[in-house]
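J.: I'd like to ask you about the structure that follows.
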Amino acid sequence: MELIRGLPNLRPRHQGSVVTIGTFDGIHRGHQALIRRLLDHGRALSRPAMMLTFEPMPREYLAAENPPARLTSWRERWRVLQRTALSYVLQLRFGEQLRNLSGEAFARLLAEDLKTPVVVIGHDFRCGRNGEATADMLREAGQRLGFEVDVVPPVMIDGQRVSSSLIRGALERGDLEAAKHWLGRPYSMIGRVVRGQQLGRDLGFPTANLRLGRKRSALQGIFAVRVHGLEGTPGWPGVASLGTRPTVGGTVPVLEVHLFEFGGDLYGREIEVEFVAKLREEECFPSLEVLVEQMHRDAAQAREILGARTG
């Protein structure tokens, strides 16, 4: 799969692909239905499949002071998409130019720049100036400009329409099972381990620290986790804190993971942290001693949930 950053990097080999368009935050089961439909068109026409997406997410740009919680960072989206049969991902930078693009201009981008024969979109698709590039508008424009528009109906599970906002709500409640059901996979975060303040090591709980890669996370608290990306194990058990660490005066959210009985060096390594169960909310404790006592209880509970032996 090839990443194309912006229209100036579009090459003749990219043109003529079947195209799906959207933010695709989470790559949940609704998004997966769009991708499957797109690949069906690609096979039928013997054309490559392209996803056109935006960075930052439009709602992040439009509500910069209070952006929505983000399910997946760009790195996480890319890792999930690599498991699909997509040929190309075209990433357009969302800003004033795209925000003010007319529906007609957006349709011409699809017809003239991408030369796509088929566009696959969701039923609630809106893009461009005042959201005027809707499914109906693009269908009419496609008849004039030479491309077909295939509108995929919503994916319903247990009577609910699968959406990114539905999954954000589940994560904010700590309902990881519901999020897993709608995502089609366990909820996880991916990042490169960076050096922290070494406080966890001093307290007897050395941690691997990951930056979140998003302005706001839907998830916060203390969790039983499994860490993927380490040799020789399908998922190393551990306990994690996702929050600002108020007991030590922290203000920036960070993901800190303590791996049980792990003695290796993870600095600079990319790892995936799978959230298995939420243990509790983040708290501000009156002292480090009280914090450490709670950390031992959290670790014991996580071990029990994960079936990890006691060290």
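In the structure tokens, each chain is lettered A, B, ... as it comes, each chain's residues begin at 1, and ligands are numbered from 1 in order of appearance.
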Write out as number ranges by chain each polymer residue whose atoms come within 12 Å of range 205-210 of chain A, counting only C-alpha atoms; drop sequence neighbours fewer than 4 positions from it.
T.: A: 189-201, 214, 227, 238-243, 252-273, 291-296, 298-299
J.: Restrict the selected residues to C-alpha atoms and save them as a compact mmCIF listing (two decimals), in the first residue's frame.
T.:
# COMPACT_ATOMS: atom_id res chain seq x y z
CA MET A 189 -2.94 2.45 20.72
CA ILE A 190 0.34 2.36 18.83
CA GLY A 191 3.37 4.48 19.51
CA ARG A 192 7.12 4.66 19.89
CA VAL A 193 8.50 4.37 23.41
CA VAL A 194 10.04 7.65 24.60
CA ARG A 195 12.03 8.54 27.71
CA GLY A 196 9.98 9.81 30.62
CA GLN A 197 10.94 11.26 34.00
CA GLN A 198 11.94 7.81 35.36
CA LEU A 199 9.52 8.30 38.26
CA GLY A 200 7.92 4.89 37.74
CA ARG A 201 11.32 3.20 37.98
CA ARG A 214 -3.89 13.03 19.25
CA VAL A 227 1.49 -5.26 24.68
CA GLY A 238 0.83 -5.39 32.01
CA VAL A 239 -0.96 -2.52 33.70
CA ALA A 240 -1.25 0.96 32.18
CA SER A 241 -2.14 4.50 33.14
CA LEU A 242 -3.58 6.87 30.56
CA GLY A 243 -3.91 10.38 31.90
CA VAL A 252 -0.06 16.56 29.51
CA PRO A 253 -1.81 13.22 28.89
CA VAL A 254 0.55 10.28 28.44
CA LEU A 255 0.24 6.52 28.21
CA GLU A 256 2.48 4.71 30.71
CA VAL A 257 2.70 0.91 30.59
CA HIS A 258 4.28 -1.35 33.22
CA LEU A 259 5.02 -4.80 31.77
CA PHE A 260 5.06 -7.64 34.28
CA GLU A 261 8.45 -9.41 34.63
CA PHE A 262 9.94 -7.59 31.64
CA GLY A 263 13.58 -6.60 31.77
CA GLY A 264 14.31 -5.53 28.20
CA ASP A 265 15.00 -2.11 26.73
CA LEU A 266 12.03 -0.67 24.81
CA TYR A 267 13.29 2.87 24.11
CA GLY A 268 12.69 3.77 20.47
CA ARG A 269 10.60 0.64 19.83
CA GLU A 270 7.14 0.84 18.30
CA ILE A 271 4.65 -1.14 20.37
CA GLU A 272 0.89 -1.67 20.35
CA VAL A 273 -0.99 -1.47 23.66
CA LEU A 291 -0.06 6.14 45.15
CA VAL A 292 2.38 3.21 45.32
CA GLU A 293 0.00 1.22 47.52
CA GLN A 294 -2.74 1.70 44.91
CA MET A 295 -0.34 0.78 42.10
CA HIS A 296 0.30 -2.57 43.79
CA ASP A 298 -3.89 -2.22 40.37
CA ALA A 299 -1.10 -4.58 39.31
J.: How would you write, as a PyMOL selection string, the set of residues in range 43-188 of chain A that DSSP gives as strand (DSSP E)?
T.: chain A and resi 49-55+88-93+118-122+148-152+156-157+160-161+188
J.: So which residues touch Thr20 in chain A within 6 Å, counting only C-alpha atoms, skipping near sequence neighbours fewer than 3 positions away, as number ranges by chain?
T.: A: 51, 119-121
J.: Give me the residues within 10 Å of Ser165 in chain A as a CSV table (one decimal) with C-alpha atoms, in the first residue's frame, counting only C-alpha atoms and dropping any in the same chain fewer than 6 places off.
T.:
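Below you can see selection-v3.csv, which holds the result:
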chain,number,residue,atom,x,y,z
A,25,ASP,CA,-11.4,7.5,12.4
A,26,GLY,CA,-11.2,4.1,14.0
A,68,PRO,CA,-13.5,15.7,19.4
A,69,ALA,CA,-11.7,12.7,21.0
A,70,ARG,CA,-9.8,10.8,18.4
A,71,LEU,CA,-10.1,7.0,18.2
A,171,LEU,CA,-14.6,4.3,25.4
A,218,ALA,CA,-11.6,9.1,24.4
J.: How far is it from CA of Ile167 in chain A to CA of Ala179 in chain A, in Å with one decimal?
T.: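 Answer for the CA of Ile167 in chain A to CA of Ala179 in chain A separation: 5.3 Å.
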J.: Please extract the residues of range 2-36 of chain A with a backbone DSSP assignment of helix (DSSP H, G or I) and present them as a list in words.
T.: Leu7, Pro8, Asn9, Pro12, Arg13, His14, Arg29, Gly30, His31, Gln32, Ala33, Leu34, Ile35 and Arg36 of chain A
J.: Save out the residues we just selected, N, CA and C atoms, as a PDB file, in the first residue's frame.
T.:
ATOM      1  N   LEU A   7      -2.252  16.226  -3.563  1.00  0.00           N
ATOM      2  CA  LEU A   7      -2.450  16.105  -5.010  1.00  0.00           C
ATOM      3  C   LEU A   7      -1.174  16.341  -5.826  1.00  0.00           C
ATOM      4  N   PRO A   8      -0.236  17.196  -5.371  1.00  0.00           N
ATOM      5  CA  PRO A   8       0.985  17.377  -6.171  1.00  0.00           C
ATOM      6  C   PRO A   8       1.802  16.093  -6.334  1.00  0.00           C
ATOM      7  N   ASN A   9       1.597  15.120  -5.446  1.00  0.00           N
ATOM      8  CA  ASN A   9       2.343  13.867  -5.534  1.00  0.00           C
ATOM      9  C   ASN A   9       1.575  12.775  -6.279  1.00  0.00           C
ATOM     10  N   PRO A  12       0.442   9.422 -12.755  1.00  0.00           N
ATOM     11  CA  PRO A  12      -0.484   8.747 -13.681  1.00  0.00           C
ATOM     12  C   PRO A  12      -0.895   7.347 -13.231  1.00  0.00           C
ATOM     13  N   ARG A  13       0.009   6.604 -12.577  1.00  0.00           N
ATOM     14  CA  ARG A  13      -0.343   5.247 -12.149  1.00  0.00           C
ATOM     15  C   ARG A  13      -1.427   5.242 -11.068  1.00  0.00           C
ATOM     16  N   HIS A  14      -1.577   6.364 -10.350  1.00  0.00           N
ATOM     17  CA  HIS A  14      -2.592   6.446  -9.298  1.00  0.00           C
ATOM     18  C   HIS A  14      -3.978   6.723  -9.869  1.00  0.00           C
ATOM     19  N   ARG A  29     -16.380  -1.148  11.930  1.00  0.00           N
ATOM     20  CA  ARG A  29     -17.054  -2.094  11.041  1.00  0.00           C
ATOM     21  C   ARG A  29     -17.893  -1.403   9.956  1.00  0.00           C
ATOM     22  N   GLY A  30     -18.334  -0.184  10.206  1.00  0.00           N
ATOM     23  CA  GLY A  30     -18.973   0.593   9.151  1.00  0.00           C
ATOM     24  C   GLY A  30     -17.984   0.972   8.069  1.00  0.00           C
ATOM     25  N   HIS A  31     -16.791   1.445   8.476  1.00  0.00           N
ATOM     26  CA  HIS A  31     -15.738   1.777   7.509  1.00  0.00           C
ATOM     27  C   HIS A  31     -15.301   0.526   6.741  1.00  0.00           C
ATOM     28  N   GLN A  32     -15.227  -0.592   7.449  1.00  0.00           N
ATOM     29  CA  GLN A  32     -14.801  -1.841   6.809  1.00  0.00           C
ATOM     30  C   GLN A  32     -15.773  -2.255   5.714  1.00  0.00           C
ATOM     31  N   ALA A  33     -17.069  -1.966   5.911  1.00  0.00           N
ATOM     32  CA  ALA A  33     -18.059  -2.256   4.871  1.00  0.00           C
ATOM     33  C   ALA A  33     -17.796  -1.412   3.621  1.00  0.00           C
ATOM     34  N   LEU A  34     -17.423  -0.141   3.801  1.00  0.00           N
ATOM     35  CA  LEU A  34     -17.076   0.713   2.667  1.00  0.00           C
ATOM     36  C   LEU A  34     -15.868   0.162   1.919  1.00  0.00           C
ATOM     37  N   ILE A  35     -14.855  -0.267   2.673  1.00  0.00           N
ATOM     38  CA  ILE A  35     -13.640  -0.782   2.041  1.00  0.00           C
ATOM     39  C   ILE A  35     -13.938  -2.070   1.275  1.00  0.00           C
ATOM     40  N   ARG A  36     -14.760  -2.949   1.858  1.00  0.00           N
ATOM     41  CA  ARG A  36     -15.113  -4.182   1.141  1.00  0.00           C
ATOM     42  C   ARG A  36     -15.839  -3.873  -0.162  1.00  0.00           C
TER      43      ARG A  36
END
J.: Using only C-alpha atoms, which of A:Gly307, A:Arg297, A:Gly249, A:Ser217 sits nearest Phe285 in chain A?
T.: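 For Phe285 in chain A, the nearest of the given residues is A:Gly249.
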J.: If we count only C-alpha atoms and set the cut-off at 12 Å, which residues sit around Ala105 in chain A, ignoring sequence neighbours fewer than 3 positions away in its own chain? Please answer as a list of chain:residue names.
T.: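 Neighbouring residues, sequence-local ones excluded: A:Gln97, A:Leu98, A:Arg99, A:Asn100, A:Leu101, A:Ser102, A:Arg108, A:Leu109, A:Leu110, A:Ala111, A:Glu112, A:Asp113, A:Cys127, A:Gly128, A:Arg129, A:Glu132, A:Ala133, A:Met137, A:Leu138, A:Ala141, A:Leu145.
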J.: So that I can see what lies close to Leu62 in chain A, please list as an MDAnalysis selection string the residues with an atom at most 10 Å from it, counting only C-alpha atoms and leaving out residues fewer than 6 positions away in the same chain.
T.: chainID A and resid 56 94:96 99
J.: At what distance in Å, to one decimal, does CA of Ala224 in chain A lie from CA of Leu306 in chain A?
T.: 7.2 Å
J.: Using only C-alpha atoms, pick whichever of A:Gly16, A:Arg139, A:Arg280, A:Ala49 has the shortest atom-to-atom distance to Thr84 in chain A.
T.: A:Ala49
J.: Quick one: residues within 12 Å of range 45-47 of chain A, only C-alpha atoms counted, chain neighbours fewer than 3 positions away excluded, as a compact mmCIF listing (two decimals) with C-alpha atoms, in the first residue's frame?
T.:
# COMPACT_ATOMS: atom_id res chain seq x y z
CA ARG A 13 -0.34 5.25 -12.15
CA HIS A 14 -2.59 6.45 -9.30
CA GLN A 15 -5.29 7.74 -11.62
CA GLY A 16 -8.21 5.56 -12.63
CA SER A 17 -8.48 3.92 -9.22
CA VAL A 18 -11.83 3.27 -7.59
CA VAL A 19 -12.07 5.68 -4.64
CA LEU A 38 -14.66 -0.55 -2.81
CA LEU A 39 -12.53 -3.68 -3.29
CA ASP A 40 -15.48 -5.40 -4.96
CA HIS A 41 -15.63 -2.57 -7.52
CA GLY A 42 -11.87 -2.71 -7.97
CA MET A 50 -7.73 4.16 -3.26
CA LEU A 86 -6.04 -1.11 -0.62
CA SER A 87 -3.45 -0.04 -3.18
CA TYR A 88 -3.25 3.67 -2.32
CA LYS A 115 -10.02 10.13 -13.07
CA THR A 116 -11.98 7.67 -10.96
CA PRO A 117 -14.67 5.48 -12.52
CA VAL A 118 -16.39 4.71 -9.19
J.: How many Å separate CA of Glu60 in chain A from CA of Glu2 in chain A?
T.: 24.9 Å
J.: Between A:Glu148, A:Glu55, A:Glu76, A:Glu282, which is the closest to Ile27 in chain A once you count only C-alpha atoms?
T.: A:Glu76
